[in-house]
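Content type mmCIF, C-alpha atoms and all ligand atoms, from the file model-v4.cif:
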```
data_input
loop_
_atom_site.label_atom_id
_atom_site.label_comp_id
_atom_site.auth_asym_id
_atom_site.auth_seq_id
_atom_site.Cartn_x
_atom_site.Cartn_y
_atom_site.Cartn_z
CA MET D 45 190.12 102.76 60.72
CA SER D 46 189.84 99.93 63.25
CA ASP D 47 191.74 96.67 62.96
CA TYR D 48 188.45 94.90 62.14
CA GLN D 49 187.46 97.45 59.45
CA THR D 50 190.84 97.08 57.76
CA PHE D 51 190.44 93.31 57.94
CA ILE D 52 187.06 93.34 56.22
CA GLN D 53 188.44 95.53 53.44
CA SER D 54 191.35 93.16 52.90
CA ILE D 55 188.99 90.16 52.88
CA LYS D 56 186.82 91.87 50.29
CA LYS D 57 189.84 92.47 48.04
CA LYS D 58 191.06 88.92 48.42
CA THR D 59 187.76 86.96 48.22
CA GLY D 60 185.09 89.36 46.90
CA ILE D 61 183.06 88.77 50.09
CA ASP D 62 181.90 92.03 51.67
CA LEU D 63 181.65 91.40 55.40
CA SER D 64 180.46 94.96 55.99
CA LEU D 65 177.05 93.84 54.71
CA TYR D 66 176.75 91.28 57.50
CA LYS D 67 175.59 92.39 60.97
CA GLU D 68 178.79 93.56 62.61
CA VAL D 69 178.28 92.52 66.24
CA GLN D 70 177.58 88.87 65.43
CA MET D 71 180.15 88.53 62.68
CA LYS D 72 182.88 90.23 64.68
CA ARG D 73 182.19 88.03 67.70
CA ARG D 74 182.35 84.86 65.62
CA LEU D 75 185.54 85.86 63.80
CA THR D 76 187.27 87.17 66.92
CA SER D 77 186.68 83.85 68.63
CA LEU D 78 188.09 81.98 65.61
CA ARG D 79 191.09 84.33 65.39
CA ASP D 80 191.85 83.89 69.11
CA LYS D 81 191.51 80.13 68.84
CA LYS D 82 194.07 80.16 66.02
CA GLY D 83 196.46 82.22 68.19
CA TYR D 84 196.60 85.58 66.34
CA LYS D 85 196.79 88.69 68.48
CA ASP D 86 194.87 90.97 66.11
CA PHE D 87 193.04 90.92 62.75
CA ASP D 88 196.06 92.25 60.89
CA ALA D 89 198.21 89.30 61.98
CA TYR D 90 195.31 86.95 61.17
CA PHE D 91 194.94 88.36 57.65
CA GLN D 92 198.69 88.09 56.96
CA ALA D 93 198.43 84.40 57.84
CA LEU D 94 195.19 83.86 55.88
CA LYS D 95 196.75 85.33 52.73
CA ASN D 96 199.37 82.63 52.60
CA ASP D 97 197.60 79.61 53.99
CA GLN D 98 194.80 78.07 51.91
CA ALA D 99 193.66 75.72 54.67
CA LEU D 100 193.40 78.57 57.15
CA MET D 101 191.45 80.63 54.59
CA GLU D 102 189.04 77.75 54.01
CA GLU D 103 188.45 77.37 57.71
CA PHE D 104 187.78 81.09 57.94
CA LEU D 105 185.27 80.98 55.06
CA ASP D 106 183.65 77.98 56.63
CA LYS D 107 183.17 79.81 59.90
CA MET D 108 181.76 82.99 58.40
CA THR D 109 179.12 81.12 56.40
CA ILE D 110 176.94 79.31 58.88
CA ASN D 111 175.82 76.17 57.15
CA VAL D 112 173.30 74.59 59.52
CA SER D 113 170.34 73.14 57.65
CA GLU D 114 167.88 70.26 57.72
CA PHE D 115 165.09 68.81 55.60
CA TYR D 116 161.63 70.35 56.19
CA ARG D 117 163.13 72.94 58.54
CA ASN D 118 160.20 74.45 60.52
CA SER D 119 157.95 71.73 59.15
CA GLY D 120 154.69 73.65 59.79
CA ARG D 121 155.69 76.20 57.15
CA TRP D 122 156.56 73.46 54.65
CA GLU D 123 153.10 72.04 55.19
CA VAL D 124 151.62 75.39 54.14
CA LEU D 125 153.85 75.30 51.07
CA GLU D 126 152.73 71.79 50.22
CA LYS D 127 149.01 72.10 50.88
CA LYS D 128 148.32 75.70 49.90
CA ILE D 129 151.06 77.51 47.98
CA LEU D 130 152.24 74.80 45.58
CA PRO D 131 148.76 73.65 44.50
CA ASP D 132 147.90 77.29 43.67
CA LEU D 133 151.10 77.80 41.73
CA LEU D 134 150.69 74.49 39.90
CA GLN D 135 147.19 75.44 38.78
CA ASN D 136 148.64 77.98 36.37
CA ASN D 137 151.76 76.12 35.41
CA ARG D 138 152.82 72.47 35.81
CA LYS D 139 156.51 73.23 35.23
CA LEU D 140 157.44 75.64 37.97
CA LYS D 141 160.75 77.46 37.97
CA ILE D 142 162.15 77.43 41.51
CA TRP D 143 165.23 78.94 43.19
CA SER D 144 166.55 77.83 46.56
CA ALA D 145 168.97 80.65 47.47
CA ALA D 146 171.60 80.06 50.19
CA CYS D 147 170.82 76.34 50.01
CA SER D 148 173.72 75.15 52.18
CA THR D 149 174.00 71.32 52.19
CA GLY D 150 171.05 70.92 49.82
CA ASP D 151 168.43 69.82 52.38
CA GLU D 152 166.14 72.65 51.26
CA PRO D 153 166.15 72.13 47.46
CA TYR D 154 165.92 68.35 47.92
CA THR D 155 162.92 68.90 50.22
CA LEU D 156 161.33 70.99 47.48
CA ALA D 157 161.94 68.32 44.85
CA MET D 158 160.52 65.51 47.00
CA MET D 159 157.48 67.60 47.81
CA LEU D 160 156.86 68.46 44.16
CA SER D 161 157.23 64.80 43.16
CA GLN D 162 153.87 64.27 44.87
CA TYR D 163 152.23 66.53 42.29
CA VAL D 164 154.28 66.18 39.11
CA ASP D 165 156.79 63.75 37.66
CA LEU D 166 160.29 64.46 38.93
CA SER D 167 161.59 64.71 35.37
CA GLN D 168 159.44 67.87 35.08
CA VAL D 169 161.02 69.48 38.13
CA SER D 170 163.85 71.96 37.80
CA ILE D 171 165.26 73.75 40.81
CA LEU D 172 168.20 76.10 40.90
CA ALA D 173 170.05 75.85 44.22
CA THR D 174 172.76 78.37 45.04
CA ASP D 175 175.15 79.23 47.84
CA ILE D 176 178.24 81.37 48.30
CA ASP D 177 180.23 78.45 49.69
CA ASP D 178 181.91 76.07 47.19
CA ARG D 179 182.65 73.41 49.73
CA ILE D 180 179.09 73.25 50.97
CA LEU D 181 177.87 72.96 47.36
CA ASP D 182 180.13 69.94 46.88
CA ARG D 183 178.55 68.34 49.91
CA ALA D 184 175.08 69.21 48.65
CA LYS D 185 175.86 67.49 45.33
CA GLN D 186 176.95 64.34 47.17
CA GLY D 187 173.59 64.23 48.95
CA ILE D 188 174.65 62.24 52.01
CA TYR D 189 172.92 63.05 55.30
CA SER D 190 172.77 62.11 58.95
CA ASP D 191 169.68 60.78 60.62
CA ARG D 192 169.29 64.11 62.40
CA ALA D 193 168.95 66.11 59.16
CA LEU D 194 166.12 63.78 58.13
CA LYS D 195 164.08 63.83 61.32
CA GLU D 196 161.19 65.80 59.75
CA VAL D 197 161.07 63.88 56.47
CA PRO D 198 157.76 61.99 56.17
CA ASN D 199 158.34 58.23 56.35
CA ASN D 200 156.94 57.47 52.90
CA LEU D 201 159.35 59.95 51.29
CA LYS D 202 162.26 58.71 53.38
CA LYS D 203 161.61 55.17 52.18
CA LYS D 204 161.12 56.25 48.60
CA PHE D 205 164.04 58.62 48.16
CA PHE D 206 166.85 57.59 50.54
CA THR D 207 169.14 54.59 50.80
CA GLN D 208 170.71 53.89 54.14
CA GLN D 209 174.48 53.30 54.16
CA ASP D 210 175.79 52.57 57.65
CA ASN D 211 174.74 55.61 59.69
CA ALA D 212 174.12 57.84 56.70
CA TYR D 213 171.31 58.35 54.21
CA VAL D 214 171.99 58.89 50.52
CA ILE D 215 169.48 60.74 48.39
CA ASP D 216 168.21 59.14 45.20
CA ASP D 217 169.69 60.18 41.83
CA LYS D 218 166.24 61.04 40.48
CA VAL D 219 165.94 63.75 43.13
CA LYS D 220 169.50 64.90 42.51
CA ARG D 221 168.83 65.29 38.80
CA ALA D 222 166.05 67.78 39.55
CA ILE D 223 168.53 70.22 41.09
CA THR D 224 171.21 72.41 39.51
CA PHE D 225 173.72 73.60 42.10
CA LYS D 226 175.62 76.82 41.38
CA LYS D 227 177.79 79.24 43.28
CA HIS D 228 176.07 82.61 43.82
CA ASN D 229 176.71 85.50 46.20
CA LEU D 230 173.43 87.20 47.10
CA LEU D 231 175.27 90.41 47.94
CA SER D 232 177.19 90.90 44.72
CA ASP D 233 176.24 88.58 41.85
CA PRO D 234 173.58 89.33 39.22
CA TYR D 235 170.28 87.59 40.00
CA PRO D 236 168.74 85.03 37.64
CA ASN D 237 165.05 85.59 36.89
CA ASN D 238 161.64 84.28 35.81
CA PHE D 239 161.01 82.28 38.96
CA ASP D 240 157.60 81.16 40.20
CA LEU D 241 158.94 80.44 43.68
CA ILE D 242 162.04 81.66 45.52
CA VAL D 243 162.97 80.07 48.81
CA CYS D 244 165.57 81.98 50.81
CA ARG D 245 165.65 81.02 54.47
CA ASN D 246 167.92 81.56 57.43
CA VAL D 247 170.53 83.74 55.79
CA MET D 248 168.90 87.19 55.75
CA ILE D 249 169.21 87.31 59.55
CA TYR D 250 172.97 87.74 59.10
CA PHE D 251 172.73 90.75 56.79
CA THR D 252 172.47 94.46 57.63
CA GLU D 253 169.13 96.24 57.06
CA GLU D 254 170.50 97.98 53.93
CA ALA D 255 171.71 94.71 52.46
CA LYS D 256 168.35 93.06 53.19
CA ALA D 257 166.39 95.85 51.51
CA ALA D 258 168.52 95.57 48.37
CA ILE D 259 168.04 91.79 48.33
CA TYR D 260 164.24 92.03 48.71
CA HIS D 261 164.14 94.32 45.68
CA LYS D 262 166.28 91.95 43.66
CA PHE D 263 164.23 88.89 44.61
CA ASN D 264 161.10 90.78 43.63
CA GLN D 265 162.63 91.48 40.22
CA SER D 266 163.58 87.81 39.88
CA LEU D 267 160.01 86.60 40.34
CA ASN D 268 157.35 86.23 37.67
CA ASP D 269 154.08 88.08 38.25
CA ASP D 270 152.29 86.50 41.24
CA GLY D 271 155.48 84.58 42.09
CA VAL D 272 156.02 83.61 45.73
CA PHE D 273 158.90 84.33 48.10
CA PHE D 274 159.29 81.97 51.09
CA VAL D 275 161.45 83.25 53.97
CA GLY D 276 162.78 81.76 57.21
CA SER D 277 160.76 81.56 60.40
CA THR D 278 162.51 84.51 62.05
CA GLU D 279 162.71 86.57 58.91
CA GLN D 280 159.37 88.17 58.26
CA ILE D 281 159.52 91.28 56.10
CA PHE D 282 158.42 94.52 57.72
CA SER D 283 156.41 96.66 55.29
CA PRO D 284 156.48 94.12 52.44
CA GLU D 285 154.54 96.58 50.24
CA LYS D 286 157.75 98.68 50.05
CA TYR D 287 159.20 95.90 47.94
CA ASN D 288 156.02 95.14 45.97
CA PHE D 289 155.14 92.11 48.04
CA LYS D 290 151.92 91.21 49.84
CA VAL D 291 151.52 88.67 52.62
CA LEU D 292 150.14 85.39 51.34
CA ASP D 293 150.56 83.45 54.58
CA THR D 294 152.99 83.76 57.49
CA PHE D 295 156.50 83.84 55.96
CA PHE D 296 155.14 83.69 52.39
CA TYR D 297 155.00 86.79 50.19
CA GLN D 298 153.53 87.22 46.74
CA LYS D 299 154.81 89.63 44.14
CA THR D 300 152.29 92.35 43.38
CA THR D 301 152.23 94.13 40.07
CA SER D 302 152.43 97.85 40.65
C1 LIG D 401 172.05 78.75 57.94
S1 LIG D 401 172.34 78.30 56.26
C2 LIG D 401 170.67 78.20 55.65
C3 LIG D 401 170.43 76.97 54.83
C4 LIG D 401 168.97 76.75 54.38
N1 LIG D 401 168.50 77.84 53.57
C5 LIG D 401 168.06 76.52 55.57
O1 LIG D 401 167.26 77.39 55.87
O2 LIG D 401 168.17 75.48 56.21
C6 LIG D 401 172.95 79.83 55.57
C7 LIG D 401 173.65 79.66 54.23
O3 LIG D 401 173.82 80.95 53.67
C8 LIG D 401 175.01 80.94 52.91
N2 LIG D 401 175.44 82.34 52.69
C9 LIG D 401 176.01 83.21 53.57
N3 LIG D 401 176.25 84.38 52.95
C10 LIG D 401 175.81 84.26 51.67
C11 LIG D 401 175.78 85.14 50.56
N4 LIG D 401 176.27 86.37 50.64
N5 LIG D 401 175.25 84.68 49.38
C12 LIG D 401 174.76 83.41 49.28
N6 LIG D 401 174.77 82.54 50.31
C13 LIG D 401 175.28 82.96 51.50
C14 LIG D 401 175.97 80.14 53.77
O4 LIG D 401 177.04 79.62 53.02
C15 LIG D 401 175.03 79.04 54.33
O5 LIG D 401 175.11 77.87 53.58
#
```

Take the structure in the file and write it out as structure tokens.
Amino acid sequence: MSDYQTFIQSIKKKTGIDLSLYKEVQMKRRLTSLRDKKGYKDFDAYFQALKNDQALMEEFLDKMTINVSEFYRNSGRWEVLEKKILPDLLQNNRKLKIWSAACSTGDEPYTLAMMLSQYVDLSQVSILATDIDDRILDRAKQGIYSDRALKEVPNNLKKKFFTQQDNAYVIDDKVKRAITFKKHNLLSDPYPNNFDLIVCRNVMIYFTEEAKAAIYHKFNQSLNDDGVFFVGSTEQIFSPEKYNFKVLDTFFYQKTTS
């Protein structure tokens, strides 16, 4: 077994994270560059160090989970959500159950809450937001953002829901209260269910084809009948019917009952 294969087995034992389900070329490149930067000659030496050094382990976990996010990421797609998908979903049910999976710093679930506040009272909104990374969830709960993360937020919502503090923007407590943040590993944890809308964007690209197929099935099971699955703008599903989905709009899939 190669040095890298042994490493991913040891990481799985130590952290529960199965790196073999992430695309190998990209992941290996990223981790090799980190390992070299830290001065370890091979993955075995790197793992021996990681085992005994919490800070080093946290840096490693930070690097393997890519946390880039922003509000209204690919804003054209969010417009479709706002103008077409949400009004349809809200016609049947005013209290939608929504899951933002792999939510990173919270930009995505907070975007959802602000958008929904235009249709229903925020006290009626309940969004589950999950990620594998504890530290990123802590940041998400704080809700403090740079100007750059907010560049696509419509001005009226920016004024209504953010307070500026020096160079940062703090999200309003009313929006925060609409979100429940929880740790969840898409590759190994049981999936919650009964959702009307699942948003999972810009994480599937890192997973192997087998891992993706398993996740599509699980998301399908997690949705209510006619529930909608919103994916990232490079992540369209090939043959969605294999997973009991039909295309509703570009990057939006609806659960079919069959
Ligand atoms: C690039 S961010 C995407 C954030 C947001 N969804 C967006 O589109 O802007 C990818 C997120 O996936 C999370 N992630 C990586 N592997 C995961 C896994 N196995 N289960 C859950 N989250 C995972 C990372 O921690 C990171 O926060």

Exercise. Quick one: residues within 6 Å of ligand LIG 401 (chain D), with all atoms listed in the file, as an NGL selection string?
Worked result: :D and (109-114 or 146-148 or 152 or 175-177 or 228-231 or 244-247)

For this session: Fewer than 6 positions away in the same chain doesn't count, so skip those; otherwise give me all residues within 12 Å of Val197 of chain D, counting all atoms listed in the file, as a PyMOL selection string.
Result: chain D and resi 114-119+122-123+151-152+154-156+158-159+189+191+203-206+213

For this session: Please provide the set of residues having any atom within 10 Å of Phe274 of chain D, restricted to only C-alpha atoms, with same-chain residues fewer than 3 positions apart removed, written as a VMD selection string.
Result: chain D and resid 121 to 122 125 129 144 241 to 245 277 279 to 280 292 to 298

Please produce a file of the residues just selected, as an mmCIF file, in the coordinates of the input, where the atoms kept are C-alpha atoms.
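Full text of result17.cif as output:
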```cif
data_model
loop_
_atom_site.group_PDB
_atom_site.id
_atom_site.type_symbol
_atom_site.label_atom_id
_atom_site.label_comp_id
_atom_site.auth_asym_id
_atom_site.auth_seq_id
_atom_site.Cartn_x
_atom_site.Cartn_y
_atom_site.Cartn_z
ATOM 1 C CA ARG D 121 155.690 76.200 57.150
ATOM 2 C CA TRP D 122 156.560 73.460 54.650
ATOM 3 C CA LEU D 125 153.850 75.300 51.070
ATOM 4 C CA ILE D 129 151.060 77.510 47.980
ATOM 5 C CA SER D 144 166.550 77.830 46.560
ATOM 6 C CA LEU D 241 158.940 80.440 43.680
ATOM 7 C CA ILE D 242 162.040 81.660 45.520
ATOM 8 C CA VAL D 243 162.970 80.070 48.810
ATOM 9 C CA CYS D 244 165.570 81.980 50.810
ATOM 10 C CA ARG D 245 165.650 81.020 54.470
ATOM 11 C CA SER D 277 160.760 81.560 60.400
ATOM 12 C CA GLU D 279 162.710 86.570 58.910
ATOM 13 C CA GLN D 280 159.370 88.170 58.260
ATOM 14 C CA LEU D 292 150.140 85.390 51.340
ATOM 15 C CA ASP D 293 150.560 83.450 54.580
ATOM 16 C CA THR D 294 152.990 83.760 57.490
ATOM 17 C CA PHE D 295 156.500 83.840 55.960
ATOM 18 C CA PHE D 296 155.140 83.690 52.390
ATOM 19 C CA TYR D 297 155.000 86.790 50.190
ATOM 20 C CA GLN D 298 153.530 87.220 46.740
#
```

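The environment of Ser190 of chain D within 10 Å, counting only C-alpha atoms and disregarding residues fewer than 5 places along the same chain, consists of Glu114, Lys195, Gln208, Asn211, Ala212, Tyr213 and Val214 of chain D.
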
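Closest approach to Lys286 of chain D among D:Ala258, D:Thr174, D:Tyr84, D:Met71 is made by D:Ala258 (distances from all atoms listed in the file).
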
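With all atoms listed in the file as the atoms that count, the residue of D:Asn268, D:Thr278, D:Asn237, D:Met248 with the shortest distance to Thr300 of chain D is D:Asn268.
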
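You can rank D:Pro131, D:Gly120, D:Gly276, D:Lys227 by their closest distance to Glu196 of chain D using all atoms listed in the file, and at the top of that list sits D:Gly120.
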
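With atom CA of Ile142 of chain D on one side and atom CA of Phe251 of chain D on the other, the separation reads 22.9 Å.
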
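We find atom CA of Pro284 of chain D and atom CA of Tyr250 of chain D to be spaced 18.9 Å apart.
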
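Atom to atom, atom CA of Asp88 of chain D and atom CA of Ala255 of chain D stand 25.9 Å apart.
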
Shell around Lys220 of chain D at 10 Å using only C-alpha atoms, local window under 5 positions removed, as a short mmCIF file (atom, residue, chain, number, x, y, z; two decimals) with C-alpha atoms, keeping the file's coordinate frame:
```
data_model
loop_
_atom_site.label_atom_id
_atom_site.label_comp_id
_atom_site.auth_asym_id
_atom_site.auth_seq_id
_atom_site.Cartn_x
_atom_site.Cartn_y
_atom_site.Cartn_z
CA GLY D 150 171.05 70.92 49.82
CA PRO D 153 166.15 72.13 47.46
CA TYR D 154 165.92 68.35 47.92
CA ALA D 157 161.94 68.32 44.85
CA LEU D 166 160.29 64.46 38.93
CA ILE D 171 165.26 73.75 40.81
CA ALA D 184 175.08 69.21 48.65
CA LYS D 185 175.86 67.49 45.33
CA GLN D 186 176.95 64.34 47.17
CA GLY D 187 173.59 64.23 48.95
CA ILE D 215 169.48 60.74 48.39
CA PHE D 225 173.72 73.60 42.10
#
```

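With all atoms listed in the file as the atoms that count, the residue of D:Ser170, D:Lys67, D:Tyr235, D:Thr149 with the shortest distance to Ile188 of chain D is D:Thr149.
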
For this session: Can you pull out every residue within 9 Å of Thr50 of chain D, counting all atoms listed in the file, but drop anything in the same chain fewer than 4 positions away, and send it as a PyMOL selection string?
Result: chain D and resi 45-46+54-55+87-88

Exercise. In file coordinates, which residues lie within 8 Å of (186.7, 80.6, 61.2) using only C-alpha atoms, given as a VMD selection string?
Worked result: chain D and resid 74 to 75 78 to 79 103 to 108

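Each of D:Gln265, D:Asn199, D:Asn238, D:Gln168 was compared to Lys218 of chain D using all atoms listed in the file, and D:Gln168 turns out to be the nearest.
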
Please return the centre and edge lengths, in Å to one decimal, of a box with edges along x, y and z that contains all listed atoms of segment 121-136 of chain D, widened by 6 Å on every side, as lines of an AutoDock Vina configuration file.
```
center_x = 151.9
center_y = 74.9
center_z = 46.8
size_x = 21.4
size_y = 18.2
size_z = 32.8
```

Missing atoms in segment 53-75 of chain D should be modelled up to N, CA, C and O atoms and reported as a PDB file, in the frame of the given file.
```pdb
ATOM      1  N   GLN D  53     188.071  95.017  54.777  1.00  0.00           N
ATOM      2  CA  GLN D  53     188.440  95.530  53.440  1.00  0.00           C
ATOM      3  C   GLN D  53     189.406  94.585  52.739  1.00  0.00           C
ATOM      4  O   GLN D  53     189.303  94.339  51.535  1.00  0.00           O
ATOM      5  N   SER D  54     190.370  94.076  53.497  1.00  0.00           N
ATOM      6  CA  SER D  54     191.350  93.160  52.900  1.00  0.00           C
ATOM      7  C   SER D  54     190.670  91.869  52.447  1.00  0.00           C
ATOM      8  O   SER D  54     190.977  91.334  51.374  1.00  0.00           O
ATOM      9  N   ILE D  55     189.708  91.384  53.250  1.00  0.00           N
ATOM     10  CA  ILE D  55     188.990  90.160  52.880  1.00  0.00           C
ATOM     11  C   ILE D  55     188.185  90.391  51.608  1.00  0.00           C
ATOM     12  O   ILE D  55     188.122  89.544  50.715  1.00  0.00           O
ATOM     13  N   LYS D  56     187.611  91.577  51.487  1.00  0.00           N
ATOM     14  CA  LYS D  56     186.820  91.870  50.290  1.00  0.00           C
ATOM     15  C   LYS D  56     187.724  91.845  49.046  1.00  0.00           C
ATOM     16  O   LYS D  56     187.369  91.280  48.011  1.00  0.00           O
ATOM     17  N   LYS D  57     188.901  92.463  49.176  1.00  0.00           N
ATOM     18  CA  LYS D  57     189.840  92.470  48.040  1.00  0.00           C
ATOM     19  C   LYS D  57     190.268  91.068  47.663  1.00  0.00           C
ATOM     20  O   LYS D  57     190.376  90.712  46.500  1.00  0.00           O
ATOM     21  N   LYS D  58     190.509  90.264  48.657  1.00  0.00           N
ATOM     22  CA  LYS D  58     191.060  88.920  48.420  1.00  0.00           C
ATOM     23  C   LYS D  58     189.984  87.929  47.947  1.00  0.00           C
ATOM     24  O   LYS D  58     190.251  87.092  47.087  1.00  0.00           O
ATOM     25  N   THR D  59     188.755  88.020  48.501  1.00  0.00           N
ATOM     26  CA  THR D  59     187.760  86.960  48.220  1.00  0.00           C
ATOM     27  C   THR D  59     186.504  87.479  47.519  1.00  0.00           C
ATOM     28  O   THR D  59     185.681  86.684  47.066  1.00  0.00           O
ATOM     29  N   GLY D  60     186.319  88.804  47.480  1.00  0.00           N
ATOM     30  CA  GLY D  60     185.090  89.360  46.900  1.00  0.00           C
ATOM     31  C   GLY D  60     183.937  89.365  47.906  1.00  0.00           C
ATOM     32  O   GLY D  60     182.859  89.865  47.622  1.00  0.00           O
ATOM     33  N   ILE D  61     184.142  88.820  49.096  1.00  0.00           N
ATOM     34  CA  ILE D  61     183.060  88.770  50.090  1.00  0.00           C
ATOM     35  C   ILE D  61     183.092  90.032  50.954  1.00  0.00           C
ATOM     36  O   ILE D  61     184.113  90.352  51.569  1.00  0.00           O
ATOM     37  N   ASP D  62     181.958  90.748  50.961  1.00  0.00           N
ATOM     38  CA  ASP D  62     181.900  92.030  51.670  1.00  0.00           C
ATOM     39  C   ASP D  62     181.284  91.832  53.061  1.00  0.00           C
ATOM     40  O   ASP D  62     180.065  91.847  53.220  1.00  0.00           O
ATOM     41  N   LEU D  63     182.140  91.674  54.039  1.00  0.00           N
ATOM     42  CA  LEU D  63     181.650  91.400  55.400  1.00  0.00           C
ATOM     43  C   LEU D  63     180.952  92.599  56.022  1.00  0.00           C
ATOM     44  O   LEU D  63     180.238  92.458  57.008  1.00  0.00           O
ATOM     45  N   SER D  64     181.124  93.788  55.418  1.00  0.00           N
ATOM     46  CA  SER D  64     180.460  94.960  55.990  1.00  0.00           C
ATOM     47  C   SER D  64     178.948  94.893  55.794  1.00  0.00           C
ATOM     48  O   SER D  64     178.199  95.646  56.393  1.00  0.00           O
ATOM     49  N   LEU D  65     178.485  93.979  54.934  1.00  0.00           N
ATOM     50  CA  LEU D  65     177.050  93.840  54.710  1.00  0.00           C
ATOM     51  C   LEU D  65     176.425  92.791  55.635  1.00  0.00           C
ATOM     52  O   LEU D  65     175.226  92.528  55.571  1.00  0.00           O
ATOM     53  N   TYR D  66     177.255  92.192  56.469  1.00  0.00           N
ATOM     54  CA  TYR D  66     176.750  91.280  57.500  1.00  0.00           C
ATOM     55  C   TYR D  66     176.690  92.041  58.819  1.00  0.00           C
ATOM     56  O   TYR D  66     177.539  92.913  59.067  1.00  0.00           O
ATOM     57  N   LYS D  67     175.713  91.704  59.689  1.00  0.00           N
ATOM     58  CA  LYS D  67     175.590  92.390  60.970  1.00  0.00           C
ATOM     59  C   LYS D  67     176.905  92.320  61.734  1.00  0.00           C
ATOM     60  O   LYS D  67     177.426  91.232  61.980  1.00  0.00           O
ATOM     61  N   GLU D  68     177.412  93.512  62.118  1.00  0.00           N
ATOM     62  CA  GLU D  68     178.790  93.560  62.610  1.00  0.00           C
ATOM     63  C   GLU D  68     178.995  92.849  63.953  1.00  0.00           C
ATOM     64  O   GLU D  68     179.969  92.113  64.120  1.00  0.00           O
ATOM     65  N   VAL D  69     178.055  93.064  64.887  1.00  0.00           N
ATOM     66  CA  VAL D  69     178.280  92.520  66.240  1.00  0.00           C
ATOM     67  C   VAL D  69     178.457  91.004  66.199  1.00  0.00           C
ATOM     68  O   VAL D  69     179.423  90.451  66.721  1.00  0.00           O
ATOM     69  N   GLN D  70     177.518  90.339  65.493  1.00  0.00           N
ATOM     70  CA  GLN D  70     177.580  88.870  65.430  1.00  0.00           C
ATOM     71  C   GLN D  70     178.814  88.383  64.691  1.00  0.00           C
ATOM     72  O   GLN D  70     179.519  87.486  65.133  1.00  0.00           O
ATOM     73  N   MET D  71     179.051  88.991  63.521  1.00  0.00           N
ATOM     74  CA  MET D  71     180.150  88.530  62.680  1.00  0.00           C
ATOM     75  C   MET D  71     181.488  88.735  63.388  1.00  0.00           C
ATOM     76  O   MET D  71     182.353  87.864  63.396  1.00  0.00           O
ATOM     77  N   LYS D  72     181.626  89.917  64.018  1.00  0.00           N
ATOM     78  CA  LYS D  72     182.880  90.230  64.680  1.00  0.00           C
ATOM     79  C   LYS D  72     183.122  89.253  65.844  1.00  0.00           C
ATOM     80  O   LYS D  72     184.237  88.774  66.039  1.00  0.00           O
ATOM     81  N   ARG D  73     182.052  88.959  66.562  1.00  0.00           N
ATOM     82  CA  ARG D  73     182.190  88.030  67.700  1.00  0.00           C
ATOM     83  C   ARG D  73     182.651  86.658  67.196  1.00  0.00           C
ATOM     84  O   ARG D  73     183.588  86.070  67.705  1.00  0.00           O
ATOM     85  N   ARG D  74     182.012  86.192  66.140  1.00  0.00           N
ATOM     86  CA  ARG D  74     182.350  84.860  65.620  1.00  0.00           C
ATOM     87  C   ARG D  74     183.798  84.819  65.123  1.00  0.00           C
ATOM     88  O   ARG D  74     184.552  83.899  65.406  1.00  0.00           O
ATOM     89  N   LEU D  75     184.188  85.870  64.384  1.00  0.00           N
ATOM     90  CA  LEU D  75     185.540  85.860  63.800  1.00  0.00           C
ATOM     91  C   LEU D  75     186.616  86.124  64.849  1.00  0.00           C
ATOM     92  O   LEU D  75     187.724  85.598  64.738  1.00  0.00           O
TER      93      LEU D  75
END
```
